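Undergrad: Attaching a single structure in structure tokens format; questions to follow.
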Amino acid sequence: MRFTLDASFPRVVFGVGSFGSIGAEAERLGVERVLVVGTPGRAILLDDAIRLLGARSAGIFGEAVPHVPSGIAARARECAVSAKSDCILAVGGGSAIGVAKAVALTTGLPIIAVPTTYSGSEMTPVWGLTEDAVKVTGRDARVQPRTVIYDPELTLGLSASTSVATGMNAIAHCVEALYAPDANPLTSMMAEEGISVLSHSLPLIADAPRDLGARTHALYGSWLAGSALGAVQMGLQHKLSHTLGGTFGLSHAETHAVLLPHTAAYNADAAREAMLRIARALGGDDAPGALFDLNRRIGSLASLAALGMQITELERAADLAVEKPYANPRPVTRDGVLGILRRAFDGERPSRQLT
Ligand code: NAD
């Protein structure tokens with residue numbers, strides 16, 4: 001066995017009611033002017049954060065949207081500077097956390113993250129920015145939150161559809177972590193456990209979104225997935241999802257859910273050990289097929305066509321996805337990507353039995 005582990009994890013406070021500790025966590029960081037960042041439509045939650053921060057609050061930036069358009073990032077930075085903030089509190093999903101990261105990237109301000117979806121950005125040093133319809137991502141220690149507060153109660157109102165989509169996004173982190181070139185025993189254990197926990201909790205949430213026990217397990221799985229995502233390199237699944245989101249405006253989490261069985265099938269023969277672990281976590285022997293069946297069971301959208309992609313866009317997407325090299329167990333070719341996109345467009349069930 002040979003491995004290198006080079007990861008640092010934020011401080012994590014996990015449990016029902018832990019949102020109430022944001023003031024104490026800000027005090028622990030020694031910050032005094034905290035700007036609250038969130039998405040439109042979540043005003044009550046952002047106001048709650050202001051109330052809990054008390055004298056440490058420095059206002060709200062409530063315009064976060066997915067994929068961090070450069071104009072929104074610039075406005076958020078101006079807001080942080082004019083409010084003389086010394087900390088950003090991101091409350092919400094990956095969109096809120098992404099805008100907080102864009103501010104941290106240029107200002108170095110520390111982030112406290114309170115995630116309310118399962119997409120996992122809170123645990124990573126990965127940032128993303130979209131300019132002229134092209135999304136660029138990178139890694140920088142300055143954007144990794146210093147403290148992450150997971151409170152399952154905040155997720156009770158998350159719709160079943162966003163819950164299952166962001167949950168499948170978390171499973172996609174685990175799948176790619178298991179075949180990452182820098183995978184190590186710790187991230188692989190987290191990833192396998194993450195798939196197992198999420199594949200059990202997401203069906204319960206799909207049936208009963210206010211099940212606090214299932215919500216707690218899913219958030220635990222999301223922490224595992226985000227931790228793995230932050231510690232190792234991602235491959236084709238993530239590259240393709242960013243391309244389809246950044247250039248064609250597809251919803252990030254839903255795109256991950258639709259693509260995942262197809263990228264897993266593409267990589268299956270080149271990542272046999274990872275596929276065995278994924279299949280074991282899902283309770284079967286066919287990882288791509290089991291991922292597809294999980295999507296059906298929890299009511300994920302079935303195809304790129306259902307997500308609104310046009311068949312005429314597939315060729316351009318394949319071109320963009322092979323523009324720059326990145327780690328992936330099987331070499332990424334334009335024809336290979338086009339095949340994945342066509343099967344995902346049609347929503348057909350992949351299958352790769354492993355013996
Ligand atoms: P999101 O943050 O866009 O949230 C989806 C919707 O759900 C929004 O309308 C939001 O207001 C609402 N919402 C969030 N939490 C809620 C709750 N508890 N109750 C009710 N409504 C709620 O969704 P997302 O999928 O978490 O984030 C997508 C973005 O995150 C993309 O830009 C993606 O690229 C990024 N992302 C980044 C990383 C990373 O490591 N950098 C990882 C995963 C995702």
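Order determines the names: the first chain of the structure tokens is A, the second B, and so forth; residues in each chain are numbered 1 upward, and ligands are numbered 1 upward as they are shown.
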Compile the contact shell of Leu89 in chain A as a count of residues only: residues with an atom at most 7 Å away, counting only C-alpha atoms, same-chain residues fewer than 5 positions apart removed.
TA: 7
Undergrad: Step by step, measure atom-to-atom distances between ligand 1 and each residue using only C-alpha atoms and all ligand atoms, keep those at most 7 Å, then write them as a count of residues only.
TA: 39
Undergrad: For Asp86 in chain A, which of A:Leu29, A:Val258, A:Arg51, A:Val136 is the closest residue, counting only C-alpha atoms?
TA: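 Closest residue, counting only C-alpha atoms: A:Leu29.
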Undergrad: Kindly assemble as CSV a list of the range 290-337 of chain A residues that lie within 12 Å of range 185-208 of chain A, each paired with its nearest atom pair and their distance in Å to one decimal, using only C-alpha atoms, sorted first by chain and then by ascending residue number.
TA:
residue,atom,partner,partner_atom,distance
A:Ala290,CA,A:Ser199,CA,10.1
A:Leu291,CA,A:Ser199,CA,9.1
A:Phe292,CA,A:Ser199,CA,11.7
A:Asp293,CA,A:Ser199,CA,10.7
A:Leu294,CA,A:Ser199,CA,7.2
A:Asn295,CA,A:Pro203,CA,9.5
A:Arg296,CA,A:Pro203,CA,10.0
A:Arg297,CA,A:Pro203,CA,6.8
A:Ile298,CA,A:Pro203,CA,5.2
A:Gly299,CA,A:Ala206,CA,7.4
A:Ser300,CA,A:Ala206,CA,9.7
Undergrad: Give me a file of those residues, with C-alpha atoms, as a PDB file, in the first residue's frame.
TA:
ATOM      1  CA  ALA A 290     -27.656   0.604  -9.035  1.00  0.00           C
ATOM      2  CA  LEU A 291     -26.953   4.360  -9.297  1.00  0.00           C
ATOM      3  CA  PHE A 292     -29.535   4.580 -12.097  1.00  0.00           C
ATOM      4  CA  ASP A 293     -32.079   2.621 -10.032  1.00  0.00           C
ATOM      5  CA  LEU A 294     -31.467   4.863  -6.999  1.00  0.00           C
ATOM      6  CA  ASN A 295     -32.226   7.894  -9.196  1.00  0.00           C
ATOM      7  CA  ARG A 296     -35.523   6.290 -10.258  1.00  0.00           C
ATOM      8  CA  ARG A 297     -36.436   5.306  -6.680  1.00  0.00           C
ATOM      9  CA  ILE A 298     -35.963   8.836  -5.319  1.00  0.00           C
ATOM     10  CA  GLY A 299     -37.621  10.580  -8.269  1.00  0.00           C
ATOM     11  CA  SER A 300     -34.613  12.324  -9.870  1.00  0.00           C
TER      12      SER A 300
END
Undergrad: Check the smallest atom-to-atom distance from each of A:Gly221, A:Gly308, A:Gly108, A:Gly167 to Ser251 in chain A using only C-alpha atoms, then report the winner.
TA: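 Among A:Gly221, A:Gly308, A:Gly108, A:Gly167, it is A:Gly308 that comes nearest to Ser251 in chain A.
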Undergrad: Go through A:Gly235, A:Gly249, A:Gly213, A:Gly283 and flag the residue nearest Asn267 in chain A, using only C-alpha atoms for the distances.
TA: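 Smallest distance to Asn267 in chain A is found for A:Gly235.
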Undergrad: Wanna dump the range 174-235 of chain A-range 313-335 of chain A contacts at 9 Å for me, each residue with its shortest atom pair and the distance in Å to one decimal, counting only C-alpha atoms, ordered by chain and number, as a Markdown table?
TA:
| residue | atom | partner | partner_atom | distance |
| --- | --- | --- | --- | --- |
| A:Glu176 | CA | A:Asn328 | CA | 8.7 |
| A:Tyr179 | CA | A:Pro329 | CA | 6.7 |
| A:Ala180 | CA | A:Asn328 | CA | 7.2 |
| A:Pro181 | CA | A:Ala327 | CA | 7.0 |
| A:Gln233 | CA | A:Ala327 | CA | 7.2 |
| A:Met234 | CA | A:Ala327 | CA | 7.0 |
| A:Gly235 | CA | A:Asn328 | CA | 4.8 |
Undergrad: Please dump the current selection as a PDB file, in the first residue's frame; keep C-alpha atoms.
TA:
ATOM      1  CA  GLU A 176     -15.144  10.025  -8.011  1.00  0.00           C
ATOM      2  CA  TYR A 179     -11.210   6.235  -8.163  1.00  0.00           C
ATOM      3  CA  ALA A 180      -9.279   9.501  -7.732  1.00  0.00           C
ATOM      4  CA  PRO A 181      -5.545   9.231  -8.515  1.00  0.00           C
ATOM      5  CA  GLN A 233      -9.128  15.248  -7.328  1.00  0.00           C
ATOM      6  CA  MET A 234     -12.381  14.855  -9.226  1.00  0.00           C
ATOM      7  CA  GLY A 235     -12.695  13.515 -12.796  1.00  0.00           C
TER       8      GLY A 235
END
Undergrad: Set the distance at 12 Å and use only C-alpha atoms: which residues neighbour Arg272 in chain A once local chain neighbours fewer than 3 positions away are removed? I'd like the list as a ChimeraX atom specification.
TA: /A:175,178-179,264-269,275-279,285-288,329-330,352-355
Undergrad: Can those selected residues be exported to a file as a PDB file, in the first residue's frame so that it contains N, CA and C atoms?
TA:
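Done, and the output landed in out39.pdb:
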ATOM      1  N   VAL A 175     -18.296   8.801  -5.432  1.00  0.00           N
ATOM      2  CA  VAL A 175     -17.928   7.897  -6.537  1.00  0.00           C
ATOM      3  C   VAL A 175     -16.578   8.308  -7.111  1.00  0.00           C
ATOM      4  N   LEU A 178     -13.519   7.648  -4.915  1.00  0.00           N
ATOM      5  CA  LEU A 178     -13.066   6.257  -4.815  1.00  0.00           C
ATOM      6  C   LEU A 178     -12.107   5.876  -5.939  1.00  0.00           C
ATOM      7  N   TYR A 179     -12.180   6.554  -7.099  1.00  0.00           N
ATOM      8  CA  TYR A 179     -11.210   6.235  -8.163  1.00  0.00           C
ATOM      9  C   TYR A 179     -10.244   7.383  -8.448  1.00  0.00           C
ATOM     10  N   ALA A 264     -20.155   6.592 -14.553  1.00  0.00           N
ATOM     11  CA  ALA A 264     -19.692   5.398 -13.825  1.00  0.00           C
ATOM     12  C   ALA A 264     -19.554   4.221 -14.787  1.00  0.00           C
ATOM     13  N   ALA A 265     -20.511   4.070 -15.702  1.00  0.00           N
ATOM     14  CA  ALA A 265     -20.433   2.974 -16.683  1.00  0.00           C
ATOM     15  C   ALA A 265     -19.207   3.163 -17.582  1.00  0.00           C
ATOM     16  N   TYR A 266     -18.943   4.400 -17.969  1.00  0.00           N
ATOM     17  CA  TYR A 266     -17.789   4.689 -18.837  1.00  0.00           C
ATOM     18  C   TYR A 266     -16.486   4.296 -18.134  1.00  0.00           C
ATOM     19  N   ASN A 267     -16.412   4.558 -16.827  1.00  0.00           N
ATOM     20  CA  ASN A 267     -15.176   4.320 -16.074  1.00  0.00           C
ATOM     21  C   ASN A 267     -15.096   2.914 -15.464  1.00  0.00           C
ATOM     22  N   ALA A 268     -16.175   2.142 -15.580  1.00  0.00           N
ATOM     23  CA  ALA A 268     -16.274   0.905 -14.784  1.00  0.00           C
ATOM     24  C   ALA A 268     -15.092  -0.043 -14.965  1.00  0.00           C
ATOM     25  N   ASP A 269     -14.705  -0.318 -16.206  1.00  0.00           N
ATOM     26  CA  ASP A 269     -13.630  -1.299 -16.413  1.00  0.00           C
ATOM     27  C   ASP A 269     -12.269  -0.769 -15.992  1.00  0.00           C
ATOM     28  N   MET A 275     -15.535   0.434  -8.279  1.00  0.00           N
ATOM     29  CA  MET A 275     -16.899  -0.003  -8.619  1.00  0.00           C
ATOM     30  C   MET A 275     -17.410  -1.057  -7.635  1.00  0.00           C
ATOM     31  N   LEU A 276     -16.488  -1.946  -7.190  1.00  0.00           N
ATOM     32  CA  LEU A 276     -16.907  -2.952  -6.213  1.00  0.00           C
ATOM     33  C   LEU A 276     -17.332  -2.287  -4.902  1.00  0.00           C
ATOM     34  N   ARG A 277     -16.589  -1.246  -4.508  1.00  0.00           N
ATOM     35  CA  ARG A 277     -16.929  -0.555  -3.252  1.00  0.00           C
ATOM     36  C   ARG A 277     -18.239   0.225  -3.403  1.00  0.00           C
ATOM     37  N   ILE A 278     -18.437   0.845  -4.582  1.00  0.00           N
ATOM     38  CA  ILE A 278     -19.686   1.596  -4.821  1.00  0.00           C
ATOM     39  C   ILE A 278     -20.869   0.621  -4.802  1.00  0.00           C
ATOM     40  N   ALA A 279     -20.696  -0.510  -5.510  1.00  0.00           N
ATOM     41  CA  ALA A 279     -21.779  -1.503  -5.565  1.00  0.00           C
ATOM     42  C   ALA A 279     -22.070  -2.042  -4.159  1.00  0.00           C
ATOM     43  N   ASP A 285     -24.269  -5.602  -7.178  1.00  0.00           N
ATOM     44  CA  ASP A 285     -22.992  -5.918  -7.825  1.00  0.00           C
ATOM     45  C   ASP A 285     -22.825  -5.174  -9.146  1.00  0.00           C
ATOM     46  N   ASP A 286     -23.691  -4.203  -9.400  1.00  0.00           N
ATOM     47  CA  ASP A 286     -23.648  -3.460 -10.651  1.00  0.00           C
ATOM     48  C   ASP A 286     -23.749  -1.971 -10.298  1.00  0.00           C
ATOM     49  N   ALA A 287     -22.579  -1.318 -10.124  1.00  0.00           N
ATOM     50  CA  ALA A 287     -22.592   0.057  -9.617  1.00  0.00           C
ATOM     51  C   ALA A 287     -23.361   1.021 -10.530  1.00  0.00           C
ATOM     52  N   PRO A 288     -23.067   1.076 -11.845  1.00  0.00           N
ATOM     53  CA  PRO A 288     -23.806   2.041 -12.684  1.00  0.00           C
ATOM     54  C   PRO A 288     -25.316   1.778 -12.683  1.00  0.00           C
ATOM     55  N   PRO A 329      -9.972   7.816 -14.521  1.00  0.00           N
ATOM     56  CA  PRO A 329      -9.379   6.469 -14.647  1.00  0.00           C
ATOM     57  C   PRO A 329      -9.292   5.978 -16.092  1.00  0.00           C
ATOM     58  N   ARG A 330     -10.278   6.307 -16.926  1.00  0.00           N
ATOM     59  CA  ARG A 330     -10.235   5.903 -18.337  1.00  0.00           C
ATOM     60  C   ARG A 330      -9.930   7.151 -19.169  1.00  0.00           C
ATOM     61  N   ARG A 352     -23.231  -2.500 -15.883  1.00  0.00           N
ATOM     62  CA  ARG A 352     -21.887  -3.063 -15.958  1.00  0.00           C
ATOM     63  C   ARG A 352     -21.726  -4.020 -14.776  1.00  0.00           C
ATOM     64  N   GLN A 353     -21.996  -5.304 -15.012  1.00  0.00           N
ATOM     65  CA  GLN A 353     -21.868  -6.298 -13.943  1.00  0.00           C
ATOM     66  C   GLN A 353     -20.400  -6.524 -13.634  1.00  0.00           C
ATOM     67  N   LEU A 354     -20.057  -6.612 -12.370  1.00  0.00           N
ATOM     68  CA  LEU A 354     -18.674  -6.920 -11.989  1.00  0.00           C
ATOM     69  C   LEU A 354     -18.646  -8.261 -11.286  1.00  0.00           C
ATOM     70  N   THR A 355     -17.620  -9.042 -11.585  1.00  0.00           N
ATOM     71  CA  THR A 355     -17.544 -10.336 -10.903  1.00  0.00           C
ATOM     72  C   THR A 355     -16.324 -10.337  -9.997  1.00  0.00           C
TER      73      THR A 355
END
Undergrad: If I take CA of Thr106 in chain A and CA of Ala76 in chain A, how far is one from the other in Å, to one decimal?
TA: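 Computing it gives 11.2 Å between the two atoms.
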Undergrad: Assign secondary structure with DSSP using the backbone only, and return the residues of range 2-226 of chain A in alpha helix (DSSP H) as a VMD selection string.
TA: chain A and resid 22 to 29 43 to 53 70 to 82 94 to 107 160 to 178 185 to 207 212 to 226
Undergrad: Take CA of Gly30 in chain A and CA of Ala43 in chain A and report the distance between them in Å, one decimal.
TA: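 Calculated distance between CA of Gly30 in chain A and CA of Ala43 in chain A is 26.1 Å.
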Undergrad: Would you kindly return, as a list in words, each protein, DNA or RNA residue with an atom no farther than 10 Å from any atom of Ser303 in chain A, considering only C-alpha atoms and excluding same-chain residues fewer than 4 positions away?
TA: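 Listed by chain and then number, they are Glu254, Thr255, Ala257, Val258, Leu259, Leu307, Gly308, Met309, Leu341, Arg342, Arg343, Ala344, Phe345, Asp346, Gly347 and Glu348 of chain A.
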